[in-house]
>>> print(open('data.cif').read())   # mmCIF, N, CA and C atoms
data_structure
loop_
_atom_site.label_atom_id
_atom_site.label_comp_id
_atom_site.auth_asym_id
_atom_site.auth_seq_id
_atom_site.Cartn_x
_atom_site.Cartn_y
_atom_site.Cartn_z
N MET A 1 -0.88 -10.64 -30.90
CA MET A 1 -1.86 -11.23 -31.78
C MET A 1 -2.65 -10.16 -32.52
N LYS A 2 -2.93 -9.05 -31.85
CA LYS A 2 -3.68 -7.98 -32.50
C LYS A 2 -2.90 -7.39 -33.67
N VAL A 3 -1.59 -7.32 -33.53
CA VAL A 3 -0.76 -6.77 -34.60
C VAL A 3 -0.81 -7.67 -35.83
N ILE A 4 -0.70 -8.99 -35.62
CA ILE A 4 -0.74 -9.93 -36.73
C ILE A 4 -2.09 -9.86 -37.43
N LYS A 5 -3.18 -9.80 -36.65
CA LYS A 5 -4.51 -9.71 -37.24
C LYS A 5 -4.68 -8.39 -38.00
N ALA A 6 -4.15 -7.31 -37.49
CA ALA A 6 -4.25 -6.03 -38.17
C ALA A 6 -3.48 -6.05 -39.50
N ILE A 7 -2.30 -6.65 -39.50
CA ILE A 7 -1.53 -6.76 -40.74
C ILE A 7 -2.26 -7.65 -41.74
N TYR A 8 -2.80 -8.77 -41.27
CA TYR A 8 -3.56 -9.68 -42.14
C TYR A 8 -4.75 -8.96 -42.75
N ASN A 9 -5.52 -8.23 -41.94
CA ASN A 9 -6.70 -7.52 -42.45
C ASN A 9 -6.30 -6.42 -43.42
N PHE A 10 -5.17 -5.79 -43.21
CA PHE A 10 -4.72 -4.74 -44.12
C PHE A 10 -4.29 -5.32 -45.46
N ILE A 11 -3.51 -6.41 -45.44
CA ILE A 11 -2.96 -6.96 -46.68
C ILE A 11 -4.00 -7.79 -47.42
N VAL A 12 -4.68 -8.69 -46.74
CA VAL A 12 -5.59 -9.62 -47.40
C VAL A 12 -7.04 -9.22 -47.20
N GLY A 13 -7.46 -9.08 -45.99
CA GLY A 13 -8.82 -8.67 -45.72
C GLY A 13 -9.80 -9.81 -45.59
N ASP A 14 -9.54 -10.95 -46.22
CA ASP A 14 -10.49 -12.04 -46.17
C ASP A 14 -9.77 -13.37 -46.41
N MET A 15 -10.19 -14.39 -45.71
CA MET A 15 -9.56 -15.70 -45.82
C MET A 15 -9.79 -16.32 -47.20
N VAL A 16 -10.94 -16.06 -47.82
CA VAL A 16 -11.23 -16.63 -49.14
C VAL A 16 -10.23 -16.11 -50.17
N ILE A 17 -9.89 -14.83 -50.09
CA ILE A 17 -8.92 -14.26 -51.02
C ILE A 17 -7.55 -14.90 -50.78
N LEU A 18 -7.17 -15.02 -49.53
CA LEU A 18 -5.87 -15.61 -49.20
C LEU A 18 -5.77 -17.05 -49.71
N ILE A 19 -6.78 -17.86 -49.45
CA ILE A 19 -6.75 -19.25 -49.90
C ILE A 19 -6.77 -19.34 -51.42
N GLY A 20 -7.55 -18.49 -52.08
CA GLY A 20 -7.60 -18.49 -53.54
C GLY A 20 -6.27 -18.15 -54.17
N VAL A 21 -5.60 -17.16 -53.64
CA VAL A 21 -4.31 -16.76 -54.19
C VAL A 21 -3.25 -17.82 -53.89
N ILE A 22 -3.27 -18.40 -52.71
CA ILE A 22 -2.32 -19.45 -52.37
C ILE A 22 -2.51 -20.66 -53.28
N LEU A 23 -3.75 -21.05 -53.54
CA LEU A 23 -4.01 -22.17 -54.46
C LEU A 23 -3.53 -21.85 -55.87
N ALA A 24 -3.80 -20.63 -56.33
CA ALA A 24 -3.38 -20.25 -57.68
C ALA A 24 -1.86 -20.28 -57.81
N VAL A 25 -1.17 -19.74 -56.83
CA VAL A 25 0.29 -19.73 -56.88
C VAL A 25 0.85 -21.14 -56.78
N SER A 26 0.21 -22.00 -55.97
CA SER A 26 0.67 -23.39 -55.86
C SER A 26 0.50 -24.13 -57.19
N ILE A 27 -0.62 -23.93 -57.85
CA ILE A 27 -0.83 -24.57 -59.15
C ILE A 27 0.14 -24.03 -60.18
N LEU A 28 0.41 -22.74 -60.16
CA LEU A 28 1.39 -22.17 -61.09
C LEU A 28 2.78 -22.72 -60.82
N ALA A 29 3.13 -22.93 -59.56
CA ALA A 29 4.43 -23.52 -59.24
C ALA A 29 4.52 -24.95 -59.78
N LEU A 30 3.43 -25.70 -59.67
CA LEU A 30 3.41 -27.05 -60.23
C LEU A 30 3.57 -27.02 -61.75
N ILE A 31 2.87 -26.11 -62.40
CA ILE A 31 2.96 -26.01 -63.86
C ILE A 31 4.40 -25.71 -64.29
N ASN A 32 5.06 -24.84 -63.55
CA ASN A 32 6.41 -24.44 -63.94
C ASN A 32 7.49 -25.43 -63.55
N ASN A 33 7.22 -26.31 -62.58
CA ASN A 33 8.26 -27.20 -62.09
C ASN A 33 8.07 -28.67 -62.45
N VAL A 34 6.89 -29.06 -62.90
CA VAL A 34 6.64 -30.46 -63.28
C VAL A 34 6.72 -30.56 -64.80
N GLY A 35 7.60 -31.42 -65.26
CA GLY A 35 7.84 -31.55 -66.70
C GLY A 35 6.61 -31.95 -67.49
N ALA A 36 5.75 -32.80 -66.90
CA ALA A 36 4.56 -33.25 -67.61
C ALA A 36 3.56 -32.12 -67.84
N LEU A 37 3.64 -31.08 -67.04
CA LEU A 37 2.72 -29.95 -67.17
C LEU A 37 3.32 -28.80 -67.99
N ALA A 38 4.46 -29.03 -68.62
CA ALA A 38 5.13 -27.99 -69.40
C ALA A 38 4.27 -27.40 -70.52
N PRO A 39 3.42 -28.18 -71.18
CA PRO A 39 2.59 -27.57 -72.23
C PRO A 39 1.61 -26.52 -71.71
N LEU A 40 1.36 -26.49 -70.40
CA LEU A 40 0.43 -25.51 -69.83
C LEU A 40 1.10 -24.19 -69.46
N LYS A 41 2.40 -24.07 -69.69
CA LYS A 41 3.10 -22.84 -69.31
C LYS A 41 2.54 -21.61 -70.02
N GLY A 42 2.07 -21.77 -71.23
CA GLY A 42 1.49 -20.64 -71.95
C GLY A 42 0.19 -20.13 -71.35
N PHE A 43 -0.43 -20.96 -70.54
CA PHE A 43 -1.71 -20.62 -69.91
C PHE A 43 -1.51 -20.06 -68.50
N SER A 44 -0.27 -19.89 -68.06
CA SER A 44 0.02 -19.46 -66.69
C SER A 44 -0.54 -18.06 -66.39
N GLY A 45 -0.32 -17.13 -67.28
CA GLY A 45 -0.80 -15.76 -67.05
C GLY A 45 -2.31 -15.66 -66.97
N PRO A 46 -3.02 -16.17 -67.99
CA PRO A 46 -4.48 -16.14 -67.90
C PRO A 46 -5.03 -16.92 -66.71
N PHE A 47 -4.37 -18.03 -66.35
CA PHE A 47 -4.82 -18.81 -65.20
C PHE A 47 -4.73 -17.98 -63.92
N LEU A 48 -3.63 -17.26 -63.75
CA LEU A 48 -3.46 -16.43 -62.55
C LEU A 48 -4.55 -15.36 -62.48
N ILE A 49 -4.82 -14.72 -63.59
CA ILE A 49 -5.84 -13.67 -63.62
C ILE A 49 -7.22 -14.26 -63.30
N ILE A 50 -7.55 -15.38 -63.92
CA ILE A 50 -8.85 -16.01 -63.70
C ILE A 50 -8.99 -16.48 -62.26
N ALA A 51 -7.94 -17.07 -61.71
CA ALA A 51 -8.01 -17.58 -60.33
C ALA A 51 -8.18 -16.45 -59.32
N VAL A 52 -7.44 -15.38 -59.50
CA VAL A 52 -7.56 -14.25 -58.56
C VAL A 52 -8.93 -13.59 -58.70
N LEU A 53 -9.40 -13.42 -59.93
CA LEU A 53 -10.74 -12.84 -60.11
C LEU A 53 -11.82 -13.74 -59.52
N ALA A 54 -11.67 -15.05 -59.65
CA ALA A 54 -12.65 -15.98 -59.07
C ALA A 54 -12.68 -15.87 -57.55
N SER A 55 -11.53 -15.74 -56.92
CA SER A 55 -11.53 -15.61 -55.46
C SER A 55 -12.12 -14.26 -55.04
N LEU A 56 -11.87 -13.22 -55.80
CA LEU A 56 -12.46 -11.92 -55.49
C LEU A 56 -13.97 -11.93 -55.67
N VAL A 57 -14.45 -12.58 -56.74
CA VAL A 57 -15.89 -12.68 -56.98
C VAL A 57 -16.55 -13.53 -55.90
N ALA A 58 -15.89 -14.60 -55.47
CA ALA A 58 -16.44 -15.43 -54.40
C ALA A 58 -16.57 -14.62 -53.11
N THR A 59 -15.58 -13.82 -52.81
CA THR A 59 -15.64 -12.98 -51.61
C THR A 59 -16.73 -11.93 -51.73
N LEU A 60 -16.81 -11.30 -52.89
CA LEU A 60 -17.84 -10.28 -53.11
C LEU A 60 -19.23 -10.89 -53.02
N GLY A 61 -19.42 -12.06 -53.61
CA GLY A 61 -20.71 -12.72 -53.54
C GLY A 61 -21.09 -13.09 -52.12
N ARG A 62 -20.11 -13.56 -51.36
CA ARG A 62 -20.39 -13.90 -49.97
C ARG A 62 -20.77 -12.66 -49.17
N GLU A 63 -20.09 -11.57 -49.40
CA GLU A 63 -20.39 -10.32 -48.69
C GLU A 63 -21.74 -9.75 -49.13
N ALA A 64 -22.04 -9.84 -50.42
CA ALA A 64 -23.28 -9.27 -50.94
C ALA A 64 -24.52 -10.01 -50.45
N PHE A 65 -24.39 -11.32 -50.30
CA PHE A 65 -25.54 -12.13 -49.93
C PHE A 65 -25.55 -12.54 -48.46
N SER A 66 -24.67 -11.92 -47.66
CA SER A 66 -24.68 -12.24 -46.23
C SER A 66 -25.88 -11.57 -45.58
N SER A 67 -26.29 -12.09 -44.45
CA SER A 67 -27.48 -11.55 -43.77
C SER A 67 -27.15 -10.30 -42.95
N GLN A 68 -25.89 -10.00 -42.76
CA GLN A 68 -25.50 -8.82 -41.98
C GLN A 68 -25.18 -7.68 -42.92
N HIS A 69 -26.03 -6.69 -42.96
CA HIS A 69 -25.79 -5.52 -43.83
C HIS A 69 -25.49 -4.33 -42.99
#
>>> encode(input="data.cif", output="structure tokens")
Amino acid sequence: MKVIKAIYNFIVGDMVILIGVILAVSILALINNVGALAPLKGFSGPFLIIAVLASLVATLGREAFSSQH
């Protein structure tokens, strides 16, 4: 279990980042595979950048305003 946690902390570092990226990739998969969402394919790149930045900012905000310094 320690090895898995060490790998997780090395690659991701925070659950908020992991969930944010998983949600972004899931939405991008829906955009690319559902025919009704085909007009949004041009927005896939900016959406990925915005989603990842939002998860990073959420993590940074949580860390900055936490009571443990």
>>> closest_residue(input="data.cif", among="A:Asn33, A:Val52, A:Val57, A:Ser67", to="A:Leu18", atoms="only C-alpha atoms")
A:Val52
>>> closest_atom_pairs(input="data.cif", of="stretch 12-53 of chain A", to="stretch 59-62 of chain A", cutoff="9 Å", atoms="only C-alpha atoms", output="tab-separated table")
residue	atom	partner	partner_atom	distance
A:Asp14	CA	A:Thr59	CA	7.5
A:Met15	CA	A:Thr59	CA	8.8
A:Val16	CA	A:Thr59	CA	6.2
A:Ile17	CA	A:Thr59	CA	6.9
>>> axis_aligned_box(input="data.cif", around="stretch 47-66 of chain A", padding_each_side="6 Å", output="JSON")
{"center_x": -14.7, "center_y": -14.0, "center_z": -56.0, "size_x": 34.4, "size_y": 21.5, "size_z": 32.8}
>>> atom_distance(input="data.cif", atom1="atom CA of A:Phe47", atom2="atom C of A:Asn32")
14.1 Å
>>> atom_distance(input="data.cif", atom1="atom C of A:Leu53", atom2="atom C of A:Ser26")
16.3 Å
>>> atom_distance(input="data.cif", atom1="atom CA of A:Ile49", atom2="atom N of A:Val25")
10.2 Å
>>> select_by_dssp(input="data.cif", residues="chain A", states="alpha helix (DSSP H)", output="PyMOL selection string")
chain A and resi 2-11+15-33+44-64
>>> resolve_selection(input="data.cif", expression="the PyMOL selection byres (((chain A and resi 48 and name CA) around 10) and name CA)", output="compact mmCIF listing (two decimals) with N, CA and C atoms, in the frame of the given file")
# COMPACT_ATOMS: atom_id res chain seq x y z
N VAL A 21 -5.60 -17.16 -53.64
CA VAL A 21 -4.31 -16.76 -54.19
C VAL A 21 -3.25 -17.82 -53.89
N LEU A 23 -3.75 -21.05 -53.54
CA LEU A 23 -4.01 -22.17 -54.46
C LEU A 23 -3.53 -21.85 -55.87
N ALA A 24 -3.80 -20.63 -56.33
CA ALA A 24 -3.38 -20.25 -57.68
C ALA A 24 -1.86 -20.28 -57.81
N VAL A 25 -1.17 -19.74 -56.83
CA VAL A 25 0.29 -19.73 -56.88
C VAL A 25 0.85 -21.14 -56.78
N ILE A 27 -0.62 -23.93 -57.85
CA ILE A 27 -0.83 -24.57 -59.15
C ILE A 27 0.14 -24.03 -60.18
N LEU A 28 0.41 -22.74 -60.16
CA LEU A 28 1.39 -22.17 -61.09
C LEU A 28 2.78 -22.72 -60.82
N PHE A 43 -0.43 -20.96 -70.54
CA PHE A 43 -1.71 -20.62 -69.91
C PHE A 43 -1.51 -20.06 -68.50
N SER A 44 -0.27 -19.89 -68.06
CA SER A 44 0.02 -19.46 -66.69
C SER A 44 -0.54 -18.06 -66.39
N GLY A 45 -0.32 -17.13 -67.28
CA GLY A 45 -0.80 -15.76 -67.05
C GLY A 45 -2.31 -15.66 -66.97
N PRO A 46 -3.02 -16.17 -67.99
CA PRO A 46 -4.48 -16.14 -67.90
C PRO A 46 -5.03 -16.92 -66.71
N PHE A 47 -4.37 -18.03 -66.35
CA PHE A 47 -4.82 -18.81 -65.20
C PHE A 47 -4.73 -17.98 -63.92
N ILE A 49 -4.82 -14.72 -63.59
CA ILE A 49 -5.84 -13.67 -63.62
C ILE A 49 -7.22 -14.26 -63.30
N ILE A 50 -7.55 -15.38 -63.92
CA ILE A 50 -8.85 -16.01 -63.70
C ILE A 50 -8.99 -16.48 -62.26
N ALA A 51 -7.94 -17.07 -61.71
CA ALA A 51 -8.01 -17.58 -60.33
C ALA A 51 -8.18 -16.45 -59.32
N VAL A 52 -7.44 -15.38 -59.50
CA VAL A 52 -7.56 -14.25 -58.56
C VAL A 52 -8.93 -13.59 -58.70
N LEU A 53 -9.40 -13.42 -59.93
CA LEU A 53 -10.74 -12.84 -60.11
C LEU A 53 -11.82 -13.74 -59.52
N ALA A 54 -11.67 -15.05 -59.65
CA ALA A 54 -12.65 -15.98 -59.07
C ALA A 54 -12.68 -15.87 -57.55
>>> build_atoms(input="data.cif", residues="stretch 33-44 of chain A", atoms="all heavy atoms", output="short mmCIF file (atom, residue, chain, number, x, y, z; two decimals), keeping the file's coordinate frame")
data_model
loop_
_atom_site.label_atom_id
_atom_site.label_comp_id
_atom_site.auth_asym_id
_atom_site.auth_seq_id
_atom_site.Cartn_x
_atom_site.Cartn_y
_atom_site.Cartn_z
N ASN A 33 7.22 -26.31 -62.58
CA ASN A 33 8.26 -27.20 -62.09
C ASN A 33 8.07 -28.67 -62.45
O ASN A 33 9.01 -29.44 -62.31
CB ASN A 33 8.37 -27.08 -60.56
CG ASN A 33 8.90 -25.72 -60.16
OD1 ASN A 33 9.76 -25.16 -60.81
ND2 ASN A 33 8.38 -25.20 -59.07
N VAL A 34 6.89 -29.06 -62.90
CA VAL A 34 6.64 -30.46 -63.28
C VAL A 34 6.72 -30.56 -64.80
O VAL A 34 6.02 -29.85 -65.52
CB VAL A 34 5.27 -30.93 -62.76
CG1 VAL A 34 4.97 -32.33 -63.24
CG2 VAL A 34 5.22 -30.86 -61.25
N GLY A 35 7.60 -31.42 -65.26
CA GLY A 35 7.84 -31.55 -66.70
C GLY A 35 6.61 -31.95 -67.49
O GLY A 35 6.41 -31.52 -68.62
N ALA A 36 5.75 -32.80 -66.90
CA ALA A 36 4.56 -33.25 -67.61
C ALA A 36 3.56 -32.12 -67.84
O ALA A 36 2.72 -32.21 -68.73
CB ALA A 36 3.89 -34.38 -66.83
N LEU A 37 3.64 -31.08 -67.04
CA LEU A 37 2.72 -29.95 -67.17
C LEU A 37 3.32 -28.80 -67.99
O LEU A 37 2.72 -27.73 -68.07
CB LEU A 37 2.32 -29.45 -65.79
CG LEU A 37 1.60 -30.45 -64.89
CD1 LEU A 37 1.36 -29.85 -63.52
CD2 LEU A 37 0.29 -30.88 -65.51
N ALA A 38 4.46 -29.03 -68.62
CA ALA A 38 5.13 -27.99 -69.40
C ALA A 38 4.27 -27.40 -70.52
O ALA A 38 4.36 -26.20 -70.78
CB ALA A 38 6.44 -28.52 -69.96
N PRO A 39 3.42 -28.18 -71.18
CA PRO A 39 2.59 -27.57 -72.23
C PRO A 39 1.61 -26.52 -71.71
O PRO A 39 1.10 -25.71 -72.48
CB PRO A 39 1.81 -28.76 -72.81
CG PRO A 39 2.63 -29.95 -72.49
CD PRO A 39 3.31 -29.63 -71.18
N LEU A 40 1.36 -26.49 -70.40
CA LEU A 40 0.43 -25.51 -69.83
C LEU A 40 1.10 -24.19 -69.46
O LEU A 40 0.42 -23.29 -68.98
CB LEU A 40 -0.23 -26.11 -68.59
CG LEU A 40 -1.11 -27.34 -68.82
CD1 LEU A 40 -1.60 -27.87 -67.48
CD2 LEU A 40 -2.26 -27.01 -69.72
N LYS A 41 2.40 -24.07 -69.69
CA LYS A 41 3.10 -22.84 -69.31
C LYS A 41 2.54 -21.61 -70.02
O LYS A 41 2.54 -20.52 -69.47
CB LYS A 41 4.60 -22.97 -69.58
CG LYS A 41 5.31 -23.77 -68.54
CD LYS A 41 6.81 -23.71 -68.72
CE LYS A 41 7.50 -24.54 -67.65
NZ LYS A 41 8.94 -24.50 -67.76
N GLY A 42 2.07 -21.77 -71.23
CA GLY A 42 1.49 -20.64 -71.95
C GLY A 42 0.19 -20.13 -71.35
O GLY A 42 -0.24 -19.02 -71.59
N PHE A 43 -0.43 -20.96 -70.54
CA PHE A 43 -1.71 -20.62 -69.91
C PHE A 43 -1.51 -20.06 -68.50
O PHE A 43 -2.48 -19.75 -67.81
CB PHE A 43 -2.60 -21.87 -69.87
CG PHE A 43 -3.99 -21.62 -69.38
CD1 PHE A 43 -4.86 -20.82 -70.08
CD2 PHE A 43 -4.43 -22.18 -68.19
CE1 PHE A 43 -6.14 -20.58 -69.63
CE2 PHE A 43 -5.70 -21.96 -67.72
CZ PHE A 43 -6.57 -21.15 -68.45
N SER A 44 -0.27 -19.89 -68.06
CA SER A 44 0.02 -19.46 -66.69
C SER A 44 -0.54 -18.06 -66.39
O SER A 44 -1.15 -17.85 -65.33
CB SER A 44 1.52 -19.46 -66.43
OG SER A 44 2.02 -20.75 -66.44
#
